[in-house]
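Source file: coords15.txt; contents: compact mmCIF, C-alpha atoms and all ligand atoms.
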# COMPACT_ATOMS: atom_id res chain seq x y z
CA MET A 28 -19.58 12.88 12.52
CA LYS A 29 -16.61 12.24 10.30
CA LYS A 30 -16.84 9.38 7.83
CA ARG A 31 -14.50 6.50 8.52
CA VAL A 32 -11.62 5.50 6.26
CA LEU A 33 -9.60 2.31 6.52
CA SER A 34 -6.69 0.94 4.56
CA GLY A 35 -3.79 -1.43 5.00
CA ILE A 36 -0.43 -2.13 3.47
CA GLN A 37 1.45 -5.41 3.36
CA PRO A 38 4.93 -5.51 4.90
CA THR A 39 6.39 -7.70 2.15
CA GLY A 40 9.37 -5.41 1.63
CA LYS A 41 10.56 -1.87 2.08
CA LEU A 42 8.10 0.85 1.13
CA HIS A 43 9.02 2.52 -2.13
CA LEU A 44 8.22 5.59 -4.22
CA GLY A 45 5.32 3.77 -5.87
CA ASN A 46 3.73 3.16 -2.45
CA LEU A 47 4.37 6.77 -1.48
CA ILE A 48 2.76 8.27 -4.56
CA GLY A 49 0.07 5.64 -5.01
CA ALA A 50 -1.07 5.33 -1.40
CA ILE A 51 0.76 6.92 1.50
CA GLU A 52 0.66 10.55 0.36
CA ASN A 53 -3.06 10.10 -0.11
CA TRP A 54 -3.43 8.63 3.40
CA VAL A 55 -1.57 11.60 4.82
CA LYS A 56 -4.14 13.91 3.22
CA LEU A 57 -7.09 11.78 4.29
CA GLN A 58 -6.11 11.84 7.96
CA ASP A 59 -7.08 15.52 8.13
CA LYS A 60 -10.57 14.94 6.79
CA TYR A 61 -11.70 11.54 7.99
CA ASP A 62 -11.71 9.24 10.97
CA CYS A 63 -8.80 7.16 9.71
CA TYR A 64 -7.54 3.66 10.51
CA PHE A 65 -4.33 2.59 8.80
CA PHE A 66 -2.66 -0.70 9.49
CA ILE A 67 0.25 -2.95 8.63
CA ALA A 68 -1.27 -6.08 7.11
CA ASP A 69 1.24 -8.58 8.44
CA LEU A 70 -1.18 -11.51 8.37
CA HIS A 71 -1.78 -10.80 4.70
CA ALA A 72 1.97 -10.77 4.14
CA LEU A 73 2.11 -14.25 5.65
CA THR A 74 -0.12 -15.62 2.87
CA THR A 75 2.75 -15.28 0.41
CA ALA A 76 5.80 -14.77 2.64
CA TYR A 77 5.18 -17.48 5.23
CA ASP A 78 8.61 -18.93 4.49
CA ASP A 79 10.46 -15.66 5.00
CA LYS A 80 10.12 -15.15 8.71
CA ASP A 81 13.59 -13.74 9.18
CA HIS A 82 12.67 -10.74 7.07
CA LEU A 83 9.08 -10.26 8.16
CA LYS A 84 9.92 -8.62 11.48
CA GLU A 85 12.36 -6.27 9.81
CA TYR A 86 9.83 -5.32 7.13
CA ILE A 87 7.06 -4.73 9.67
CA ASN A 88 9.28 -2.39 11.60
CA GLY A 89 10.52 -0.71 8.42
CA VAL A 90 6.98 -0.10 7.20
CA ALA A 91 5.96 1.36 10.57
CA VAL A 92 8.91 3.75 10.46
CA ASP A 93 8.22 4.66 6.82
CA LEU A 94 4.54 5.40 7.46
CA LEU A 95 5.37 7.71 10.34
CA ALA A 96 8.27 9.33 8.51
CA ALA A 97 6.05 9.97 5.48
CA GLY A 98 3.64 11.92 7.64
CA LEU A 99 1.03 9.64 9.20
CA ASP A 100 0.38 11.25 12.54
CA PRO A 101 -0.86 9.14 15.47
CA LYS A 102 -2.60 12.25 16.77
CA LYS A 103 -4.71 12.38 13.63
CA CYS A 104 -5.22 8.71 12.78
CA VAL A 105 -5.02 5.25 14.28
CA ILE A 106 -1.97 3.28 13.15
CA PHE A 107 -1.73 -0.36 14.11
CA LYS A 108 -0.48 -3.79 13.23
CA GLN A 109 -3.10 -6.28 12.10
CA SER A 110 -1.82 -9.29 14.06
CA ASP A 111 -1.93 -7.30 17.32
CA LEU A 112 -5.70 -7.70 17.14
CA SER A 113 -6.82 -11.32 17.25
CA GLU A 114 -10.25 -9.91 16.37
CA HIS A 115 -9.18 -9.81 12.71
CA SER A 116 -8.45 -13.52 12.68
CA GLU A 117 -11.70 -14.35 14.44
CA LEU A 118 -13.86 -12.32 12.11
CA HIS A 119 -11.97 -13.78 9.15
CA LEU A 120 -12.94 -17.26 10.29
CA MET A 121 -16.55 -16.28 10.87
CA LEU A 122 -16.87 -14.63 7.45
CA SER A 123 -15.25 -17.64 5.82
CA MET A 124 -18.32 -19.67 6.83
CA VAL A 125 -20.53 -17.71 4.44
CA THR A 126 -18.01 -17.23 1.62
CA PRO A 127 -18.36 -19.66 -1.29
CA VAL A 128 -15.04 -21.06 -2.49
CA SER A 129 -16.11 -20.32 -6.06
CA TRP A 130 -16.20 -16.59 -5.28
CA LEU A 131 -12.61 -16.74 -4.12
CA GLU A 132 -11.38 -18.74 -7.08
CA ARG A 133 -12.91 -16.10 -9.35
CA VAL A 134 -11.00 -13.17 -7.84
CA PRO A 135 -8.61 -11.96 -10.58
CA THR A 136 -5.71 -11.41 -8.18
CA TYR A 137 -5.89 -15.07 -7.16
CA LYS A 138 -4.77 -16.46 -10.52
CA SER A 139 -2.52 -13.54 -11.44
CA LYS A 140 -0.57 -13.67 -8.17
CA ILE A 141 -0.05 -17.41 -8.55
CA GLU A 142 1.36 -16.79 -12.04
CA GLU A 143 3.43 -13.82 -10.92
CA MET A 144 4.97 -15.77 -8.05
CA SER A 145 5.32 -19.00 -9.95
CA GLY A 146 8.31 -20.15 -7.89
CA LYS A 147 6.18 -20.27 -4.76
CA ASP A 148 3.60 -22.77 -3.61
CA LEU A 149 0.47 -20.67 -3.21
CA GLY A 150 -1.86 -23.65 -3.09
CA SER A 151 -2.68 -22.91 0.52
CA TYR A 152 -6.04 -22.36 2.13
CA GLY A 153 -4.69 -19.14 3.64
CA PHE A 154 -3.80 -17.67 0.26
CA LEU A 155 -7.20 -18.52 -1.24
CA GLY A 156 -8.77 -16.80 1.74
CA TYR A 157 -6.73 -13.61 1.37
CA PRO A 158 -9.74 -11.50 0.32
CA VAL A 159 -11.85 -12.85 3.20
CA LEU A 160 -9.24 -11.58 5.62
CA GLN A 161 -9.33 -8.25 3.82
CA ALA A 162 -13.12 -8.21 4.11
CA ALA A 163 -12.73 -8.82 7.85
CA ASP A 164 -10.32 -5.86 8.11
CA ILE A 165 -12.77 -3.57 6.38
CA LEU A 166 -16.05 -4.73 7.92
CA MET A 167 -14.52 -4.80 11.41
CA TYR A 168 -14.29 -1.01 11.46
CA LYS A 169 -17.52 -0.45 9.50
CA ALA A 170 -15.44 1.66 7.15
CA ASP A 171 -17.29 4.03 4.85
CA TYR A 172 -14.38 4.37 2.45
CA VAL A 173 -11.42 2.21 1.56
CA PRO A 174 -8.68 4.04 -0.35
CA VAL A 175 -7.04 1.56 -2.71
CA GLY A 176 -5.48 1.31 -6.15
CA GLN A 177 -7.16 -0.18 -9.20
CA ASP A 178 -5.77 -3.67 -8.56
CA GLN A 179 -7.62 -3.89 -5.25
CA LEU A 180 -11.10 -3.08 -6.57
CA PRO A 181 -12.12 -6.75 -6.94
CA HIS A 182 -11.31 -7.24 -3.25
CA ILE A 183 -13.57 -4.35 -2.28
CA GLU A 184 -16.34 -5.71 -4.48
CA LEU A 185 -15.97 -9.12 -2.86
CA THR A 186 -16.07 -7.47 0.56
CA ARG A 187 -19.44 -5.97 -0.37
CA GLU A 188 -20.68 -9.37 -1.52
CA ILE A 189 -19.57 -11.06 1.68
CA CYS A 190 -21.13 -8.20 3.63
CA ARG A 191 -24.50 -8.66 1.91
CA ARG A 192 -24.43 -12.41 2.33
CA PHE A 193 -23.59 -12.15 6.01
CA ASN A 194 -26.32 -9.58 6.58
CA ASN A 195 -28.80 -11.77 4.70
CA PHE A 196 -28.16 -14.67 7.03
CA PHE A 197 -27.68 -12.87 10.31
CA GLY A 198 -29.29 -9.44 10.14
CA ASN A 199 -27.90 -6.02 9.54
CA VAL A 200 -24.48 -6.17 11.18
CA PHE A 201 -22.19 -4.57 8.60
CA PRO A 202 -22.60 -1.50 6.39
CA GLU A 203 -21.36 -1.83 2.80
CA PRO A 204 -18.04 -0.08 2.26
CA LYS A 205 -17.16 2.00 -0.80
CA ASP A 206 -13.82 2.20 -2.51
CA LEU A 207 -11.99 5.49 -2.74
CA LEU A 208 -10.01 4.88 -5.86
CA THR A 209 -6.56 6.42 -5.75
CA GLU A 210 -6.35 7.92 -9.22
CA PHE A 211 -2.64 7.96 -9.35
CA PRO A 212 -1.27 5.88 -12.22
CA THR A 213 1.41 3.40 -11.29
CA LEU A 214 4.98 4.55 -11.20
CA PRO A 215 7.51 2.82 -13.46
CA GLY A 216 10.33 0.99 -11.74
CA THR A 217 14.00 1.11 -12.66
CA ASP A 218 13.45 -1.49 -15.41
CA GLY A 219 10.47 0.31 -16.94
CA ARG A 220 7.91 -2.19 -15.62
CA LYS A 221 5.51 -1.17 -12.87
CA MET A 222 7.41 -0.35 -9.67
CA SER A 223 6.78 -3.34 -7.44
CA LYS A 224 8.48 -5.28 -4.69
CA SER A 225 8.02 -8.50 -6.65
CA TYR A 226 9.95 -7.12 -9.65
CA ASN A 227 12.87 -5.92 -7.58
CA ASN A 228 12.89 -2.60 -9.40
CA THR A 229 11.99 -0.19 -6.63
CA ILE A 230 13.45 2.96 -5.19
CA ALA A 231 12.86 2.55 -1.47
CA LEU A 232 11.99 5.44 0.83
CA SER A 233 14.91 4.33 2.93
CA ASP A 234 17.43 4.24 0.06
CA PRO A 235 20.28 6.65 0.84
CA PRO A 236 21.04 9.41 -1.71
CA GLU A 237 23.91 7.45 -3.25
CA GLU A 238 21.63 4.51 -3.91
CA ILE A 239 18.98 6.76 -5.47
CA ARG A 240 21.55 8.31 -7.80
CA LYS A 241 22.82 4.88 -8.80
CA LYS A 242 19.36 3.48 -9.46
CA ILE A 243 18.30 6.49 -11.53
CA SER A 244 21.50 6.36 -13.54
CA ILE A 245 20.76 2.84 -14.79
CA MET A 246 17.12 3.47 -15.69
CA VAL A 247 15.97 2.84 -19.24
CA THR A 248 15.18 5.99 -21.25
CA ASP A 249 13.84 6.53 -24.76
CA PRO A 250 15.39 3.61 -26.68
CA ALA A 251 15.38 5.68 -29.90
CA ARG A 252 18.07 7.94 -28.50
CA VAL A 253 21.41 6.55 -29.47
CA LYS A 254 23.39 9.75 -29.70
CA LYS A 255 23.12 12.58 -27.23
CA ASP A 256 21.62 14.94 -29.80
CA ASP A 257 19.08 12.53 -31.32
CA PRO A 258 15.61 14.01 -30.86
CA GLY A 259 13.92 12.19 -27.96
CA HIS A 260 10.37 11.15 -27.10
CA PRO A 261 9.83 12.14 -23.47
CA GLU A 262 6.36 10.57 -23.40
CA VAL A 263 7.88 7.07 -23.59
CA CYS A 264 10.63 7.80 -21.06
CA SER A 265 10.29 6.84 -17.38
CA ILE A 266 12.63 9.67 -16.41
CA TYR A 267 10.29 12.24 -17.90
CA TYR A 268 7.39 10.56 -16.10
CA PHE A 269 9.25 11.02 -12.84
CA TYR A 270 9.80 14.69 -13.64
CA LYS A 271 6.08 15.17 -14.09
CA ILE A 272 5.45 13.81 -10.60
CA PHE A 273 8.43 14.91 -8.55
CA GLY A 274 9.57 18.01 -10.44
CA PRO A 275 6.52 19.31 -12.32
CA ASP A 276 7.99 22.80 -12.61
CA ARG A 277 10.86 21.37 -14.66
CA ALA A 278 8.85 18.95 -16.79
CA ASP A 279 7.97 21.27 -19.69
CA GLN A 280 11.50 22.40 -20.25
CA VAL A 281 12.82 18.84 -19.99
CA ALA A 282 10.35 17.71 -22.65
CA GLN A 283 11.23 20.58 -24.99
CA GLU A 284 14.97 20.08 -24.70
CA CYS A 285 14.61 16.32 -25.05
CA GLN A 286 12.56 16.67 -28.23
CA ALA A 287 14.99 19.19 -29.63
CA GLY A 288 17.92 16.89 -28.94
CA SER A 289 19.58 19.51 -26.79
CA ARG A 290 19.42 17.54 -23.59
CA GLY A 291 21.54 14.50 -22.80
CA CYS A 292 20.04 11.59 -20.86
CA VAL A 293 22.94 11.46 -18.44
CA ALA A 294 22.48 15.08 -17.41
CA CYS A 295 18.72 14.65 -17.39
CA LYS A 296 19.02 11.74 -14.95
CA LYS A 297 21.48 13.57 -12.74
CA GLU A 298 19.11 16.47 -12.33
CA LEU A 299 16.22 14.14 -11.60
CA ALA A 300 18.21 12.21 -9.00
CA GLU A 301 18.86 15.45 -7.10
CA ILE A 302 15.16 16.33 -7.29
CA LEU A 303 14.30 12.93 -5.80
CA VAL A 304 16.95 13.20 -3.10
CA LYS A 305 15.52 16.56 -2.12
CA TYR A 306 11.97 15.22 -2.22
CA LEU A 307 12.90 12.43 0.16
CA THR A 308 15.07 14.49 2.51
CA PRO A 309 12.30 15.25 5.04
CA ILE A 310 11.34 11.57 5.12
CA HIS A 311 14.97 10.56 5.59
CA LYS A 312 15.33 12.99 8.48
CA GLN A 313 12.22 11.65 10.18
CA ARG A 314 13.38 8.10 9.57
CA GLU A 315 16.68 8.83 11.22
CA GLN A 316 15.04 10.28 14.30
CA LEU A 317 12.59 7.42 14.59
CA SER A 318 15.21 4.74 14.16
CA GLN A 319 17.05 6.16 17.14
CA ASP A 320 13.90 5.64 19.16
CA PRO A 321 12.48 2.16 18.46
CA GLN A 322 10.56 2.38 21.71
CA LYS A 323 8.55 5.26 20.35
CA VAL A 324 7.50 3.36 17.23
CA GLU A 325 6.57 0.37 19.34
CA SER A 326 4.45 2.44 21.69
CA ILE A 327 2.65 4.16 18.79
CA LEU A 328 1.67 0.73 17.46
CA GLN A 329 0.62 -0.44 20.93
CA ASP A 330 -1.50 2.62 21.43
CA GLY A 331 -2.97 2.22 17.94
CA ALA A 332 -3.91 -1.40 18.71
CA LYS A 333 -5.63 -0.27 21.87
CA ARG A 334 -7.69 2.30 20.04
CA ALA A 335 -8.50 -0.08 17.19
CA ARG A 336 -9.61 -2.70 19.69
CA GLU A 337 -12.25 -0.39 21.09
CA ILE A 338 -14.10 -0.70 17.80
CA ALA A 339 -13.01 -4.18 16.80
CA GLY A 340 -14.13 -5.65 20.12
CA LYS A 341 -17.63 -4.21 19.75
CA THR A 342 -18.03 -5.31 16.15
CA LEU A 343 -16.85 -8.81 16.91
CA LEU A 344 -19.26 -9.18 19.81
CA HIS A 345 -22.09 -7.91 17.64
CA ALA A 346 -21.19 -10.40 14.89
CA LYS A 347 -20.95 -13.26 17.37
CA GLN A 348 -24.35 -12.42 18.81
CA ALA A 349 -25.81 -12.26 15.32
CA MET A 350 -24.39 -15.70 14.50
CA GLY A 351 -25.74 -17.23 17.66
CA LEU A 352 -22.38 -17.75 19.31
CA VAL A 353 -23.19 -15.56 22.31
N1 LIG A 401 -4.62 -6.19 -0.05
C1 LIG A 401 -4.10 -4.88 0.18
C2 LIG A 401 -2.89 -4.66 -0.73
O1 LIG A 401 -2.19 -5.57 -1.06
C3 LIG A 401 -3.68 -4.68 1.62
C4 LIG A 401 -4.85 -4.74 2.55
C5 LIG A 401 -5.09 -5.70 3.48
C6 LIG A 401 -5.92 -3.82 2.60
N2 LIG A 401 -6.24 -5.45 4.14
C7 LIG A 401 -6.80 -4.31 3.63
C8 LIG A 401 -6.24 -2.65 1.90
C9 LIG A 401 -7.97 -3.62 3.94
C10 LIG A 401 -7.43 -2.00 2.22
C11 LIG A 401 -8.28 -2.49 3.24
O2 LIG A 401 -2.63 -3.52 -1.08
FE1 LIG A 402 14.31 10.74 -21.02
FE2 LIG A 402 15.54 12.96 -20.31
FE3 LIG A 402 16.71 11.28 -21.99
FE4 LIG A 402 14.62 12.68 -22.77
S1 LIG A 402 16.60 13.50 -22.15
S2 LIG A 402 14.95 10.50 -23.14
S3 LIG A 402 13.41 12.77 -20.91
S4 LIG A 402 16.21 10.89 -19.87
Before we go any further, please render this structure as structure tokens.
Amino acid sequence: MKKRVLSGIQPTGKLHLGNLIGAIENWVKLQDKYDCYFFIADLHALTTAYDDKDHLKEYINGVAVDLLAAGLDPKKCVIFKQSDLSEHSELHLMLSMVTPVSWLERVPTYKSKIEEMSGKDLGSYGFLGYPVLQAADILMYKADYVPVGQDQLPHIELTREICRRFNNFFGNVFPEPKDLLTEFPTLPGTDGRKMSKSYNNTIALSDPPEEIRKKISIMVTDPARVKKDDPGHPEVCSIYYFYKIFGPDRADQVAQECQAGSRGCVACKKELAEILVKYLTPIHKQREQLSQDPQKVESILQDGAKRAREIAGKTLLHAKQAMGLV
């Protein structure tokens, strides 16, 4: 029997290159090896974007299209939308009964997100409970492995703690999940900070070629390079970092020429932009096809929900029995 893998992504914006490199490309590989469940965490998105309902629908649909265009294959994995299964909300509530508030207040993402999104009132019960909902997602499918980035590790650890506490009270209902750390370092955004929706510095998978060229052209490079023939330091330049990931066969030469001062940043960026455009072309083509057929995307999600429910329904019943509700 294949081991089970589960992961989710929040539809808080358009998917970008950082998501692709840091998560989605990995998911696409995992679907060949594991029994995979991938979902759009729209309830999680609500914890911070509850006041942005006009965009939520658009983002959910965009993320679904992006995931499929990037290569998730409904024949190989189950793709669904979290809120299509009320089981997630029910299990979240049940787990919340055994989760101490102090555990939640201690989660590092809790304070850091509040600081990061300082313009927003995140004093809600729902936001504090974010990791409990994530625990419900994971435990629901009895996942063996949860592929996530470094920032999510505390959530996986908390999931294990909630799992143990629940099992202590009610018997062995849930197995403890393990993280499957995605080793990929974070991608820099157009301003040099980590590429992230909240910094507004992303290159989206859906950005047309012109937009990609424009965004690359304004990226910060090695600040020590004033004149075109000043010797550069590729290791501090985001453009060079992109070469290493998207055009590894060009990276060595770029570094040499940059250090020698024989390569101008403008030309360097132009070449990179074309590499990126080419890299994204298959995704763009798929996107185009899918956007002409919204019915297809909808029915993939419906079918995914149906398949997810086969497991979720059983787990929920088991948990209810264990708690004395049935
Ligand atoms: N919190 C995750 C993130 O922001 C998204 C997520 C929600 C998730 N539920 C999950 C990831 C379950 C893994 C497993 O990236
Ligand atoms: Fe960066 Fe290229 Fe300019 Fe060197 S030449 S600083 S690698 S953009």
Test item: residues no farther than 10 Å from ligand LIG 402 (chain A), counting all atoms listed in the file, as number ranges by chain: A: 243-244, 246-253, 255-270, 278, 280-299
Could those residues be written to a file, using C-alpha atoms, as a PDB file, in the frame of the given file?
ATOM      1  CA  ILE A 243      18.300   6.490 -11.530  1.00  0.00           C
ATOM      2  CA  SER A 244      21.500   6.360 -13.540  1.00  0.00           C
ATOM      3  CA  MET A 246      17.120   3.470 -15.690  1.00  0.00           C
ATOM      4  CA  VAL A 247      15.970   2.840 -19.240  1.00  0.00           C
ATOM      5  CA  THR A 248      15.180   5.990 -21.250  1.00  0.00           C
ATOM      6  CA  ASP A 249      13.840   6.530 -24.760  1.00  0.00           C
ATOM      7  CA  PRO A 250      15.390   3.610 -26.680  1.00  0.00           C
ATOM      8  CA  ALA A 251      15.380   5.680 -29.900  1.00  0.00           C
ATOM      9  CA  ARG A 252      18.070   7.940 -28.500  1.00  0.00           C
ATOM     10  CA  VAL A 253      21.410   6.550 -29.470  1.00  0.00           C
ATOM     11  CA  LYS A 255      23.120  12.580 -27.230  1.00  0.00           C
ATOM     12  CA  ASP A 256      21.620  14.940 -29.800  1.00  0.00           C
ATOM     13  CA  ASP A 257      19.080  12.530 -31.320  1.00  0.00           C
ATOM     14  CA  PRO A 258      15.610  14.010 -30.860  1.00  0.00           C
ATOM     15  CA  GLY A 259      13.920  12.190 -27.960  1.00  0.00           C
ATOM     16  CA  HIS A 260      10.370  11.150 -27.100  1.00  0.00           C
ATOM     17  CA  PRO A 261       9.830  12.140 -23.470  1.00  0.00           C
ATOM     18  CA  GLU A 262       6.360  10.570 -23.400  1.00  0.00           C
ATOM     19  CA  VAL A 263       7.880   7.070 -23.590  1.00  0.00           C
ATOM     20  CA  CYS A 264      10.630   7.800 -21.060  1.00  0.00           C
ATOM     21  CA  SER A 265      10.290   6.840 -17.380  1.00  0.00           C
ATOM     22  CA  ILE A 266      12.630   9.670 -16.410  1.00  0.00           C
ATOM     23  CA  TYR A 267      10.290  12.240 -17.900  1.00  0.00           C
ATOM     24  CA  TYR A 268       7.390  10.560 -16.100  1.00  0.00           C
ATOM     25  CA  PHE A 269       9.250  11.020 -12.840  1.00  0.00           C
ATOM     26  CA  TYR A 270       9.800  14.690 -13.640  1.00  0.00           C
ATOM     27  CA  ALA A 278       8.850  18.950 -16.790  1.00  0.00           C
ATOM     28  CA  GLN A 280      11.500  22.400 -20.250  1.00  0.00           C
ATOM     29  CA  VAL A 281      12.820  18.840 -19.990  1.00  0.00           C
ATOM     30  CA  ALA A 282      10.350  17.710 -22.650  1.00  0.00           C
ATOM     31  CA  GLN A 283      11.230  20.580 -24.990  1.00  0.00           C
ATOM     32  CA  GLU A 284      14.970  20.080 -24.700  1.00  0.00           C
ATOM     33  CA  CYS A 285      14.610  16.320 -25.050  1.00  0.00           C
ATOM     34  CA  GLN A 286      12.560  16.670 -28.230  1.00  0.00           C
ATOM     35  CA  ALA A 287      14.990  19.190 -29.630  1.00  0.00           C
ATOM     36  CA  GLY A 288      17.920  16.890 -28.940  1.00  0.00           C
ATOM     37  CA  SER A 289      19.580  19.510 -26.790  1.00  0.00           C
ATOM     38  CA  ARG A 290      19.420  17.540 -23.590  1.00  0.00           C
ATOM     39  CA  GLY A 291      21.540  14.500 -22.800  1.00  0.00           C
ATOM     40  CA  CYS A 292      20.040  11.590 -20.860  1.00  0.00           C
ATOM     41  CA  VAL A 293      22.940  11.460 -18.440  1.00  0.00           C
ATOM     42  CA  ALA A 294      22.480  15.080 -17.410  1.00  0.00           C
ATOM     43  CA  CYS A 295      18.720  14.650 -17.390  1.00  0.00           C
ATOM     44  CA  LYS A 296      19.020  11.740 -14.950  1.00  0.00           C
ATOM     45  CA  LYS A 297      21.480  13.570 -12.740  1.00  0.00           C
ATOM     46  CA  GLU A 298      19.110  16.470 -12.330  1.00  0.00           C
ATOM     47  CA  LEU A 299      16.220  14.140 -11.600  1.00  0.00           C
TER      48      LEU A 299
END
Fewer than 4 positions away in the same chain doesn't count, so skip those; otherwise give me all residues within 10 Å of A:Ser151, counting all atoms listed in the file, as a PyMOL selection string. chain A and resi 74-75+155-156
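As for atom CA of A:Ala96 and atom CA of A:Ile310, they are spaced 5.1 Å apart.
Note that the spacing between atom CA of A:Gln329 and atom CA of A:Gln316 amounts to 19.2 Å.
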Closest of A:Val90, A:Val175, A:Met350, A:Ile230 to ligand LIG 401 (chain A), counting only C-alpha atoms and all ligand atoms, is A:Val175
Using all atoms listed in the file, tabulate the residues of chain A lying at most 6 Å from any atom of ligand LIG 401 (chain A), each with its closest atom pair and that distance in Å to one decimal, by chain and increasing residue number, as JSON lines.
{"residue": "A:Leu33", "atom": "CA", "partner": "A:LIG401", "partner_atom": "C11", "distance": 6.0}
{"residue": "A:Ser34", "atom": "CA", "partner": "A:LIG401", "partner_atom": "C10", "distance": 3.8}
{"residue": "A:Gly35", "atom": "CA", "partner": "A:LIG401", "partner_atom": "C6", "distance": 4.0}
{"residue": "A:Ile36", "atom": "CA", "partner": "A:LIG401", "partner_atom": "C3", "distance": 4.5}
{"residue": "A:Gln37", "atom": "CA", "partner": "A:LIG401", "partner_atom": "C3", "distance": 5.5}
{"residue": "A:Ala68", "atom": "CA", "partner": "A:LIG401", "partner_atom": "C5", "distance": 5.3}
{"residue": "A:Gln161", "atom": "CA", "partner": "A:LIG401", "partner_atom": "N2", "distance": 4.2}
{"residue": "A:Asp164", "atom": "CA", "partner": "A:LIG401", "partner_atom": "C9", "distance": 5.3}
{"residue": "A:Ile165", "atom": "CA", "partner": "A:LIG401", "partner_atom": "C9", "distance": 5.4}
{"residue": "A:Val173", "atom": "CA", "partner": "A:LIG401", "partner_atom": "C10", "distance": 5.8}
Do you know which residues lie at most 12 Å from (-2.5, 5.3, 14.8), with coordinates as in the file and all atoms listed in the file counted, and could you write them as JSON, numbers by chain? {"A": [33, 34, 35, 54, 55, 58, 62, 63, 64, 65, 66, 67, 91, 94, 95, 98, 99, 100, 101, 102, 103, 104, 105, 106, 107, 108, 109, 324, 325, 326, 327, 328, 329, 330, 331, 332, 333, 334, 335, 336]}
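Coordinates place atom CA of A:Ala76 at a distance of 19.6 Å from atom CA of A:Ser113.
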